[in-house]
Every structure is written in C-alpha cells, then in structure tokens.
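S.K.: Right, I'll just put the structure down here and ask away after.
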Amino acid sequence: MAKFLCVTARYLSRTYEGKEWPPSPTRLFQALLAGAKLGEHQKFWKESEEALRWLQTLGPPVIVHSQGIEGEEYLSYGPLNQMDKLLRKKGKKRRVDYLVSVETLPPFGIHPSFIALPPEKKVQTYWTKYRDEIRHRPTVFPPDEEPVVHYLWRIDGEEDLARRVCRLAEWMVALGWGTDLVVGEGRIVSEEEVGKLYGQRLVPVDQP
C-alpha cells in the first residue's frame with residue numbers, strides 16, 4: 001500500500017497576510033529550515049539537514065488547502081529597513097560601519113540637525129523619513145472554514161527520513177509572512193487517509 005508524507009500547517013488566525021494562497025512549497029521549505037535553526041533545535045542540525053536535502057529530491061507535492069476569499073486592501077506603516085536603504089544608496093562595496101558613521105540616522109544614531117528640531121518636528125521628521133508603507137491584501141477565511149494547508153509527497157521506503165521531516169514540521173513557527181503563525185504537524189499517512197483530507201487540491205502536472 002502506498003504511503004505519503006503529510007506536512008500540515010494550521011493557522012492561528014483567520015487572516016493570511018502572505019502574497020499567495022496557498023503558500024508555495026518553497027515557502028514551506030523556508031519555514032522548515034527556519035524552525036530547524038531556531039534555538040535548541042540547532043543541536044539536531046546534522047539530522048535536519050539530511051532530511052531537508054532528501055525532501056528536495058521528492059519533487060513537487062500535492063497540496064490540499066482551505067478555500068479563502070480575497071480581503072480588502074489596506075495600508076500600514078512600519079519602521080524603515082534603514083540598513084537596506086543605506087546599502088542601496090551608498091553602494092554594496094562600502095563597509096557597513098563606514099556607512100553608519102557617514103550618515104548616522106535613527107535607529108543607528110541621532111544626527112545633530114535632528115536634535116535641533118522642536119519636539120513636534122522631531123516626531124514628524126522621524127515618521128516621514130524613516131517609515132515604509134506596506135500594502136496588504138490578505139486572504140480571509142469564513143467562520144466555517146478551518147485555515148489549514150496540507151503538503152503530500154508519496155514516499156517509497158525512507159520512512160526514517162520522512163519522520164525527521166515530521167519533526168521539522170512540529171518546529172514550524174510561521175508560514176507565509178512572519179505574522180502568519182501556525183501549528184505544524186507531520187505524519188505518514190495511507191492513500192485512503194489522503195483521500196479523506198478536506199479542501200481544494202492542487203496536483204502537479206508534468207511539464208513538456
């Protein structure tokens with residue numbers, strides 16, 4: 001009887017902020033890798049790396065996912081990633097410590113001209129110069145729809161490596177954006193159990 005590796009992510013929120021729904025297998029791989037490198041999990045990196053390299057050889061998975069609807073777009077603001085801006089402005093060949101010393105800006109430091117501003121101008125200047133606009137168009141799930149996505153690979157033997165991937169699934173924190181928190185689960189299931197999974201199915205098609 002055929003067996004499948006099933007990696008499941010159950011979302012803690014009914015709003016998914018990531019760019020695409022369901023998250024691509026690449027995003028899943030990134031989430032598994034991030035969990036493997038988190039805290040005490042790094043002690044098992046040798047085993048985790050072997051499992052991740054094996055997972056890469058399995059090809060694209062079947063994806064079973066909840067049906068969400070596109071929400072309304074809204075705008076939010078967050079702190080500017082100042083270092084990225086400086087690197088683009090000054091050029092990647094410059095040293096980072098030199099960039100900061102040449103143009104000391106919040107949050108790295110306070111420029112003398114910034115100190116000289118009146119209090120109300122300081123607030124206005126900070127938020128107009130050091131913020132980024134973030135446009136969101138989330139995927140929203142109705143009350144009767146559990147936000148969940150399953151990734152399925154058929155496995156022929158290699159159950160030991162598959163069980164290591166199951167452990168990595170339990171270490172996942174987020175899948176999508178950093179705010180898309182999940183409870184991860186990994187298990188080995190039968191073909192009959194695969195057929196009982198509820199949701200829309202995305203099946204990979206061989207490319208010519």
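Letters for chains follow the order of the structure tokens (A, B, ...), residue numbers begin at 1 for each chain, and ligand numbers begin at 1 in the order shown.
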Could you list, as a short mmCIF file (atom, residue, chain, number, x, y, z; two decimals) with N, CA and C atoms, in the first residue's frame, every residue within 12 Å of Arg154 of chain A, counting only C-alpha atoms and ignoring same-chain residues fewer than 2 positions away?
M.R.:
data_model
loop_
_atom_site.label_atom_id
_atom_site.label_comp_id
_atom_site.auth_asym_id
_atom_site.auth_seq_id
_atom_site.Cartn_x
_atom_site.Cartn_y
_atom_site.Cartn_z
N MET A 1 0.85 -1.20 0.00
CA MET A 1 0.00 0.00 0.00
C MET A 1 0.88 1.25 0.00
N ALA A 2 0.51 2.22 -0.83
CA ALA A 2 1.29 3.45 -0.94
C ALA A 2 1.22 4.25 0.35
N LYS A 3 2.34 4.89 0.69
CA LYS A 3 2.39 5.75 1.86
C LYS A 3 2.81 7.16 1.43
N PHE A 4 2.34 8.13 2.21
CA PHE A 4 2.60 9.52 1.88
C PHE A 4 3.11 10.26 3.12
N LEU A 5 4.05 11.16 2.88
CA LEU A 5 4.47 12.11 3.91
C LEU A 5 3.52 13.30 3.84
N CYS A 6 2.90 13.62 4.96
CA CYS A 6 1.93 14.72 5.01
C CYS A 6 2.43 15.77 6.01
N VAL A 7 2.72 16.96 5.52
CA VAL A 7 3.10 18.10 6.38
C VAL A 7 1.92 19.06 6.40
N LEU A 55 14.16 15.78 1.23
CA LEU A 55 12.87 16.35 0.84
C LEU A 55 12.96 17.04 -0.52
N THR A 57 14.55 16.13 -3.02
CA THR A 57 14.60 15.16 -4.12
C THR A 57 13.22 14.59 -4.47
N LEU A 58 12.20 14.90 -3.68
CA LEU A 58 10.89 14.27 -3.87
C LEU A 58 10.04 14.92 -4.95
N GLY A 59 10.41 16.10 -5.40
CA GLY A 59 9.61 16.76 -6.41
C GLY A 59 8.45 17.52 -5.80
N PRO A 60 7.62 18.15 -6.63
CA PRO A 60 6.52 18.98 -6.12
C PRO A 60 5.44 18.14 -5.44
N PRO A 61 4.88 18.63 -4.34
CA PRO A 61 3.86 17.87 -3.62
C PRO A 61 2.46 18.16 -4.14
N VAL A 62 1.54 17.29 -3.78
CA VAL A 62 0.11 17.59 -3.90
C VAL A 62 -0.24 18.51 -2.72
N TYR A 151 0.59 19.40 2.68
CA TYR A 151 1.52 19.11 1.58
C TYR A 151 1.81 17.61 1.61
N LEU A 152 1.65 16.95 0.46
CA LEU A 152 1.72 15.49 0.40
C LEU A 152 2.74 15.03 -0.63
N ASP A 156 8.57 6.07 -1.06
CA ASP A 156 8.83 4.65 -1.25
C ASP A 156 9.97 4.27 -0.32
N GLY A 157 9.61 3.75 0.85
CA GLY A 157 10.63 3.50 1.86
C GLY A 157 11.07 4.81 2.49
N GLU A 158 12.31 4.86 2.97
CA GLU A 158 12.88 6.08 3.55
C GLU A 158 11.99 6.67 4.65
N GLU A 159 11.33 5.80 5.41
CA GLU A 159 10.43 6.32 6.45
C GLU A 159 11.20 7.03 7.56
N ALA A 162 11.56 10.50 6.44
CA ALA A 162 10.23 11.13 6.45
C ALA A 162 9.84 11.52 7.87
N ILE A 188 2.94 10.25 8.60
CA ILE A 188 2.94 9.36 7.45
C ILE A 188 1.55 8.75 7.34
N VAL A 189 0.92 8.90 6.18
CA VAL A 189 -0.48 8.51 6.02
C VAL A 189 -0.64 7.56 4.84
N SER A 190 -1.77 6.87 4.83
CA SER A 190 -2.08 5.95 3.74
C SER A 190 -2.80 6.70 2.62
N GLU A 191 -2.94 6.03 1.48
CA GLU A 191 -3.66 6.62 0.35
C GLU A 191 -5.11 6.88 0.71
N VAL A 194 -5.30 10.09 2.66
CA VAL A 194 -5.12 11.23 1.75
C VAL A 194 -6.44 11.60 1.10
#
S.K.: Identify all residues of segment 139-168 of chain A in strand (DSSP E) (DSSP on the backbone) and supply them as a list in words.
M.R.: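 For segment 139-168 of chain A, the strand (DSSP E) set is Thr139, Val140, Val148, Val149, His150, Tyr151, Leu152, Trp153, Arg154 and Ile155 of chain A.
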S.K.: Might you pull out every residue within 8 Å of segment 133-144 of chain A, with only C-alpha atoms counted and same-chain residues fewer than 3 positions away left off, and present them as a list in words?
M.R.: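 Once the adjacent positions are removed, what remains is Arg14, Thr15, Tyr16, Glu17, Gly18, Lys19, Trp21, Gln67, Gly68, Ile69, Glu70, Gly71, Glu72, Glu73, Tyr74, Leu75, Ser76, Tyr77, Gly78 and Pro147 of chain A.
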S.K.: Using only C-alpha atoms, which residue out of A:Trp54, A:Trp153, A:Trp171, A:Trp45 lies closest to Val203 of chain A?
M.R.: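 Between A:Trp54, A:Trp153, A:Trp171, A:Trp45, the residue approaching Val203 of chain A most closely is A:Trp153.
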S.K.: Determine the nearest neighbour of Leu202 of chain A from the options A:Gln56, A:Ala34, A:Arg10, A:His65, counting only C-alpha atoms.
M.R.: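 That would be A:His65, the residue with the smallest distance to Leu202 of chain A.
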S.K.: Which parts of segment 139-168 of chain A does DSSP call alpha helix (DSSP H) when run on the backbone here, written out as a PyMOL selection string?
M.R.: chain A and resi 159-168
S.K.: Quick one, how far is atom CA of Gly176 of chain A from atom CA of Lys37 of chain A?
M.R.: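 So the answer is 17.3 Å.
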S.K.: Could you list, as JSON, numbers by chain, every residue within 9 Å of Arg164 of chain A, counting only C-alpha atoms and ignoring same-chain residues fewer than 4 positions away?
M.R.: {"A": [47, 48, 50, 51, 52, 159, 160, 168, 169]}
S.K.: Can I get the selected residues back with C-alpha atoms, as a PDB file, in the first residue's frame?
M.R.:
ATOM      1  CA  GLU A  47      19.894  15.134  11.057  1.00  0.00           C
ATOM      2  CA  SER A  48      17.681  18.026   9.964  1.00  0.00           C
ATOM      3  CA  GLU A  50      19.913  15.336   5.793  1.00  0.00           C
ATOM      4  CA  ALA A  51      16.107  15.278   5.966  1.00  0.00           C
ATOM      5  CA  LEU A  52      15.776  18.610   4.142  1.00  0.00           C
ATOM      6  CA  GLU A 159      10.435   6.321   6.449  1.00  0.00           C
ATOM      7  CA  ASP A 160      13.222   7.297   8.825  1.00  0.00           C
ATOM      8  CA  LEU A 168      10.746  19.615  11.470  1.00  0.00           C
ATOM      9  CA  ALA A 169       7.064  20.285  10.766  1.00  0.00           C
TER      10      ALA A 169
END
S.K.: Between atom CA of Glu192 of chain A and atom CA of Ile63 of chain A, what is the distance, to one decimal in Å?
M.R.: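 That distance, rounded to one decimal, is 15.9 Å.
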S.K.: Nearest to Val183 of chain A among A:Val64, A:Val148, A:Leu161, A:Leu38, with distances taken over only C-alpha atoms: which residue is it?
M.R.: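 Of the candidates, the smallest distance to Val183 of chain A is held by A:Val148.
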S.K.: With distances taken over only C-alpha atoms, which of A:Ile155, A:Leu12, A:Val165, A:Leu175 is nearest to Pro25 of chain A?
M.R.: A:Leu175
S.K.: For atom CA of Asp206 of chain A and atom CA of Ala31 of chain A, determine how far apart the two atoms are, in Å to one decimal place.
M.R.: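 So the answer is 25.7 Å.
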